[in-house]
Amino acid sequence: MASCQDDRGNPQVEPPEAWMRALDAVARDLRCCRVGREVTLDRLVWEFEINSDYYVGIGWGSVDGIGGFNRGEGMSMDASYADAAAWVAETVQTDLAGYEFVQWPSKGRHLLSAQVSETGAQWVDPHDGSVVADIGSLCGK
């Protein structure tokens with residue numbers, strides 16, 4: 001029986017649906033509420049990997065003046081959509097602010113925070129705890 005493998009001999013699998021939805025939601029939100037240096041995000045290609053312990057790593061390659069990154073810190077491939085979306089949002093937010101000098105997402109004078117609740121994953125105003133938008137719906141607010 002043959003198996004599909006990448007160029008490093010690792011089996012190739014489709015990312016879990018929750019993770020695909022999470023990456024898509026954060027990618028939609030990246031289009032709005034950015035403050036700071038202008039960056040072009042239209043040509044970003046997400047990188048997604050699952051290690052031998054079934055933990056996820058995400059990132060993107062360097063393109064059009066924005067640096068690449070890759071990060072994985074113990075989030076399971078079996079995470080719920082809400083947990084995956086909040087983790088992806090926080091991971092991207094940290095990378096953009098820390099290395100690209102882009103404050104995202106920003107509403108006014110402060111960054112919003114990614115949060116998981118019983119209703120899903122949301123962007124929250126850290127000053128008053130109010131929900132600004134569901135992750136993936138930020139541009140509509």
# chains A, B, ... in the order shown; residues from 1 in each chain; ligands from 1

call {"tool": "residues_around", "arguments": {"residues": "stretch 87-93 of chain A", "least_positions_apart": "2", "cutoff": "6 Å", "atoms": "only C-alpha atoms", "output": "PDB file with all heavy atoms, in the first residue's frame"}}
result
ATOM      1  N   VAL A  26      -9.422  33.948  10.571  1.00  0.00           N
ATOM      2  CA  VAL A  26      -8.389  34.935  10.904  1.00  0.00           C
ATOM      3  C   VAL A  26      -7.916  35.644   9.638  1.00  0.00           C
ATOM      4  O   VAL A  26      -7.699  36.859   9.647  1.00  0.00           O
ATOM      5  CB  VAL A  26      -7.231  34.277  11.678  1.00  0.00           C
ATOM      6  CG1 VAL A  26      -6.074  35.246  11.854  1.00  0.00           C
ATOM      7  CG2 VAL A  26      -7.728  33.792  13.043  1.00  0.00           C
ATOM      8  N   ALA A  84      -9.220  26.760  18.387  1.00  0.00           N
ATOM      9  CA  ALA A  84      -8.273  26.937  17.287  1.00  0.00           C
ATOM     10  C   ALA A  84      -8.297  28.375  16.776  1.00  0.00           C
ATOM     11  O   ALA A  84      -7.243  28.990  16.565  1.00  0.00           O
ATOM     12  CB  ALA A  84      -8.582  25.950  16.155  1.00  0.00           C
ATOM     13  N   ALA A  85      -9.488  28.946  16.586  1.00  0.00           N
ATOM     14  CA  ALA A  85      -9.606  30.310  16.069  1.00  0.00           C
ATOM     15  C   ALA A  85      -8.976  31.321  17.026  1.00  0.00           C
ATOM     16  O   ALA A  85      -8.252  32.223  16.594  1.00  0.00           O
ATOM     17  CB  ALA A  85     -11.069  30.658  15.805  1.00  0.00           C
ATOM     18  N   ASP A  95       2.717  37.910  16.445  1.00  0.00           N
ATOM     19  CA  ASP A  95       3.751  38.018  15.421  1.00  0.00           C
ATOM     20  C   ASP A  95       3.717  39.378  14.733  1.00  0.00           C
ATOM     21  O   ASP A  95       4.754  40.013  14.568  1.00  0.00           O
ATOM     22  CB  ASP A  95       3.610  36.913  14.375  1.00  0.00           C
ATOM     23  CG  ASP A  95       4.726  36.996  13.367  1.00  0.00           C
ATOM     24  OD1 ASP A  95       5.861  36.618  13.716  1.00  0.00           O
ATOM     25  OD2 ASP A  95       4.493  37.504  12.251  1.00  0.00           O
ATOM     26  N   LEU A  96       2.546  39.847  14.348  1.00  0.00           N
ATOM     27  CA  LEU A  96       2.469  41.135  13.659  1.00  0.00           C
ATOM     28  C   LEU A  96       2.936  42.278  14.549  1.00  0.00           C
ATOM     29  O   LEU A  96       3.677  43.149  14.106  1.00  0.00           O
ATOM     30  CB  LEU A  96       1.038  41.398  13.176  1.00  0.00           C
ATOM     31  CG  LEU A  96       0.583  40.582  11.978  1.00  0.00           C
ATOM     32  CD1 LEU A  96      -0.890  40.866  11.683  1.00  0.00           C
ATOM     33  CD2 LEU A  96       1.431  40.849  10.751  1.00  0.00           C
ATOM     34  N   TRP A 104      -2.784  44.889  15.439  1.00  0.00           N
ATOM     35  CA  TRP A 104      -3.964  44.243  14.846  1.00  0.00           C
ATOM     36  C   TRP A 104      -4.553  43.258  15.805  1.00  0.00           C
ATOM     37  O   TRP A 104      -3.810  42.502  16.424  1.00  0.00           O
ATOM     38  CB  TRP A 104      -3.575  43.525  13.545  1.00  0.00           C
ATOM     39  CG  TRP A 104      -4.698  42.697  13.020  1.00  0.00           C
ATOM     40  CD1 TRP A 104      -5.726  43.134  12.239  1.00  0.00           C
ATOM     41  CD2 TRP A 104      -4.953  41.322  13.270  1.00  0.00           C
ATOM     42  NE1 TRP A 104      -6.598  42.090  11.984  1.00  0.00           N
ATOM     43  CE2 TRP A 104      -6.134  40.966  12.617  1.00  0.00           C
ATOM     44  CE3 TRP A 104      -4.301  40.327  14.012  1.00  0.00           C
ATOM     45  CZ2 TRP A 104      -6.684  39.694  12.655  1.00  0.00           C
ATOM     46  CZ3 TRP A 104      -4.835  39.050  14.060  1.00  0.00           C
ATOM     47  CH2 TRP A 104      -6.027  38.746  13.376  1.00  0.00           C
TER      48      TRP A 104
END

call {"tool": "residues_around", "arguments": {"residues": "A:Glu47", "least_positions_apart": "3", "cutoff": "7 Å", "atoms": "only C-alpha atoms", "output": "compact mmCIF listing (two decimals) with N, CA and C atoms, in the first residue's frame"}}
result
# COMPACT_ATOMS: atom_id res chain seq x y z
N ILE A 58 1.55 26.64 13.11
CA ILE A 58 1.07 27.47 12.00
C ILE A 58 2.11 28.51 11.67
N GLY A 59 1.97 29.12 10.52
CA GLY A 59 2.85 30.20 10.12
C GLY A 59 2.56 30.61 8.70
N TRP A 60 3.46 31.44 8.16
CA TRP A 60 3.42 31.77 6.74
C TRP A 60 4.83 32.12 6.32

call {"tool": "residues_around", "arguments": {"residues": "A:Gly72", "least_positions_apart": "5", "cutoff": "10 Å", "atoms": "only C-alpha atoms", "output": "number ranges by chain"}}
result
A: 48-51, 55-59, 91

call {"tool": "residues_around", "arguments": {"residues": "A:Asp83", "least_positions_apart": "4", "cutoff": "8 Å", "atoms": "only C-alpha atoms", "output": "PyMOL selection string"}}
result
chain A and resi 79+87+116+121

call {"tool": "select_by_dssp", "arguments": {"residues": "stretch 53-129 of chain A", "states": "strand (DSSP E or B)", "output": "VMD selection string"}}
result
chain A and resid 55 to 60 63 66 69 to 71 76 102 to 103 106 111 113 to 117 120 to 124

call {"tool": "select_by_dssp", "arguments": {"residues": "chain A", "states": "alpha helix (DSSP H)", "output": "PyMOL selection string"}}
result
chain A and resi 17-29+81-99

call {"tool": "residues_around", "arguments": {"residues": "A:Ala133", "least_positions_apart": "6", "cutoff": "9 Å", "atoms": "only C-alpha atoms", "output": "mmCIF file with N, CA, C and O atoms, in the first residue's frame"}}
result
data_model
loop_
_atom_site.group_PDB
_atom_site.id
_atom_site.type_symbol
_atom_site.label_atom_id
_atom_site.label_comp_id
_atom_site.auth_asym_id
_atom_site.auth_seq_id
_atom_site.Cartn_x
_atom_site.Cartn_y
_atom_site.Cartn_z
ATOM 1 N N ALA A 121 -15.647 31.883 19.343
ATOM 2 C CA ALA A 121 -14.423 32.678 19.483
ATOM 3 C C ALA A 121 -14.727 34.115 19.078
ATOM 4 O O ALA A 121 -15.314 34.349 18.021
ATOM 5 N N GLN A 122 -14.347 35.056 19.928
ATOM 6 C CA GLN A 122 -14.659 36.460 19.686
ATOM 7 C C GLN A 122 -13.447 37.359 19.894
ATOM 8 O O GLN A 122 -12.513 37.005 20.606
ATOM 9 N N TRP A 123 -13.549 38.535 19.281
ATOM 10 C CA TRP A 123 -12.651 39.643 19.584
ATOM 11 C C TRP A 123 -13.331 40.457 20.681
ATOM 12 O O TRP A 123 -14.503 40.812 20.556
ATOM 13 N N VAL A 124 -12.591 40.731 21.737
ATOM 14 C CA VAL A 124 -13.149 41.393 22.917
ATOM 15 C C VAL A 124 -12.353 42.650 23.218
ATOM 16 O O VAL A 124 -11.120 42.664 23.106
ATOM 17 N N CYS A 139 -14.424 42.473 9.972
ATOM 18 C CA CYS A 139 -14.541 43.498 8.915
ATOM 19 C C CYS A 139 -15.961 43.986 8.734
ATOM 20 O O CYS A 139 -16.192 45.064 8.197
ATOM 21 N N GLY A 140 -16.927 43.235 9.207
ATOM 22 C CA GLY A 140 -18.327 43.650 9.108
ATOM 23 C C GLY A 140 -18.756 44.554 10.238
ATOM 24 O O GLY A 140 -19.891 45.016 10.274
ATOM 25 N N LYS A 141 -17.862 44.811 11.193
ATOM 26 C CA LYS A 141 -18.218 45.638 12.361
ATOM 27 C C LYS A 141 -17.632 47.014 12.251
ATOM 28 O O LYS A 141 -16.646 47.275 11.704
#

call {"tool": "atom_distance", "arguments": {"atom1": "atom CA of A:Glu38", "atom2": "atom CA of A:Leu112"}}
result
19.0 Å

call {"tool": "residues_around", "arguments": {"residues": "A:Glu100", "least_positions_apart": "3", "cutoff": "12 Å", "atoms": "only C-alpha atoms", "output": "ChimeraX atom specification"}}
result
/A:34-41,62,65-69,92-97,103-104

call {"tool": "write_last_selection", "arguments": {"atoms": "N, CA and C atoms", "output": "JSON list (two decimals), in the first residue's frame"}}
result
[["chain", "number", "residue", "atom", "x", "y", "z"],
["A", 34, "ARG", "N", -6.24, 47.29, 11.10],
["A", 34, "ARG", "CA", -4.79, 47.30, 11.29],
["A", 34, "ARG", "C", -4.30, 48.74, 11.42],
["A", 35, "VAL", "N", -3.37, 48.95, 12.35],
["A", 35, "VAL", "CA", -2.76, 50.25, 12.56],
["A", 35, "VAL", "C", -1.25, 50.04, 12.56],
["A", 36, "GLY", "N", -0.51, 51.01, 12.03],
["A", 36, "GLY", "CA", 0.94, 50.89, 12.01],
["A", 36, "GLY", "C", 1.45, 50.82, 10.58],
["A", 37, "ARG", "N", 2.58, 50.23, 10.43],
["A", 37, "ARG", "CA", 3.21, 50.16, 9.11],
["A", 37, "ARG", "C", 2.31, 49.42, 8.13],
["A", 38, "GLU", "N", 2.29, 49.88, 6.90],
["A", 38, "GLU", "CA", 1.47, 49.26, 5.86],
["A", 38, "GLU", "C", 2.10, 47.94, 5.42],
["A", 39, "VAL", "N", 1.32, 46.91, 5.43],
["A", 39, "VAL", "CA", 1.79, 45.61, 4.96],
["A", 39, "VAL", "C", 0.76, 45.05, 3.99],
["A", 40, "THR", "N", 1.24, 44.30, 3.02],
["A", 40, "THR", "CA", 0.38, 43.65, 2.06],
["A", 40, "THR", "C", 0.23, 42.20, 2.46],
["A", 41, "LEU", "N", -0.98, 41.81, 2.76],
["A", 41, "LEU", "CA", -1.24, 40.46, 3.24],
["A", 41, "LEU", "C", -1.94, 39.59, 2.20],
["A", 62, "SER", "N", 7.71, 34.34, 4.16],
["A", 62, "SER", "CA", 7.98, 35.75, 3.93],
["A", 62, "SER", "C", 7.55, 36.12, 2.50],
["A", 65, "GLY", "N", 7.49, 42.00, 1.66],
["A", 65, "GLY", "CA", 7.92, 42.87, 2.74],
["A", 65, "GLY", "C", 7.44, 42.49, 4.12],
["A", 66, "ILE", "N", 6.76, 41.39, 4.26],
["A", 66, "ILE", "CA", 6.35, 40.93, 5.58],
["A", 66, "ILE", "C", 7.09, 39.63, 5.87],
["A", 67, "GLY", "N", 7.63, 39.54, 7.07],
["A", 67, "GLY", "CA", 8.42, 38.38, 7.43],
["A", 67, "GLY", "C", 7.58, 37.14, 7.68],
["A", 68, "GLY", "N", 8.22, 36.01, 7.53],
["A", 68, "GLY", "CA", 7.55, 34.76, 7.81],
["A", 68, "GLY", "C", 7.65, 34.39, 9.28],
["A", 69, "PHE", "N", 6.84, 33.45, 9.69],
["A", 69, "PHE", "CA", 6.92, 32.94, 11.05],
["A", 69, "PHE", "C", 6.36, 31.53, 11.08],
["A", 92, "VAL", "N", -1.12, 35.14, 15.48],
["A", 92, "VAL", "CA", -0.87, 36.10, 14.40],
["A", 92, "VAL", "C", -0.74, 37.51, 14.98],
["A", 93, "GLN", "N", -1.59, 37.85, 15.93],
["A", 93, "GLN", "CA", -1.52, 39.17, 16.56],
["A", 93, "GLN", "C", -0.14, 39.38, 17.19],
["A", 94, "THR", "N", 0.36, 38.40, 17.90],
["A", 94, "THR", "CA", 1.67, 38.50, 18.55],
["A", 94, "THR", "C", 2.78, 38.67, 17.52],
["A", 95, "ASP", "N", 2.72, 37.91, 16.44],
["A", 95, "ASP", "CA", 3.75, 38.02, 15.42],
["A", 95, "ASP", "C", 3.72, 39.38, 14.73],
["A", 96, "LEU", "N", 2.55, 39.85, 14.35],
["A", 96, "LEU", "CA", 2.47, 41.14, 13.66],
["A", 96, "LEU", "C", 2.94, 42.28, 14.55],
["A", 97, "ALA", "N", 2.52, 42.30, 15.80],
["A", 97, "ALA", "CA", 2.91, 43.38, 16.70],
["A", 97, "ALA", "C", 4.39, 43.30, 17.06],
["A", 103, "GLN", "N", -0.24, 46.91, 14.64],
["A", 103, "GLN", "CA", -1.17, 46.66, 15.73],
["A", 103, "GLN", "C", -2.46, 46.12, 15.11],
["A", 104, "TRP", "N", -2.78, 44.89, 15.44],
["A", 104, "TRP", "CA", -3.96, 44.24, 14.85],
["A", 104, "TRP", "C", -4.55, 43.26, 15.81]]

call {"tool": "closest_residue", "arguments": {"among": "A:Glu14, A:Asp64, A:Asp53, A:Glu118", "to": "A:Ser80", "atoms": "only C-alpha atoms"}}
result
A:Glu118

call {"tool": "atom_distance", "arguments": {"atom1": "atom CA of A:Ser52", "atom2": "atom CA of A:Tyr99"}}
result
28.5 Å

call {"tool": "atom_distance", "arguments": {"atom1": "atom CA of A:Gly120", "atom2": "atom CA of A:Ala86"}}
result
9.1 Å
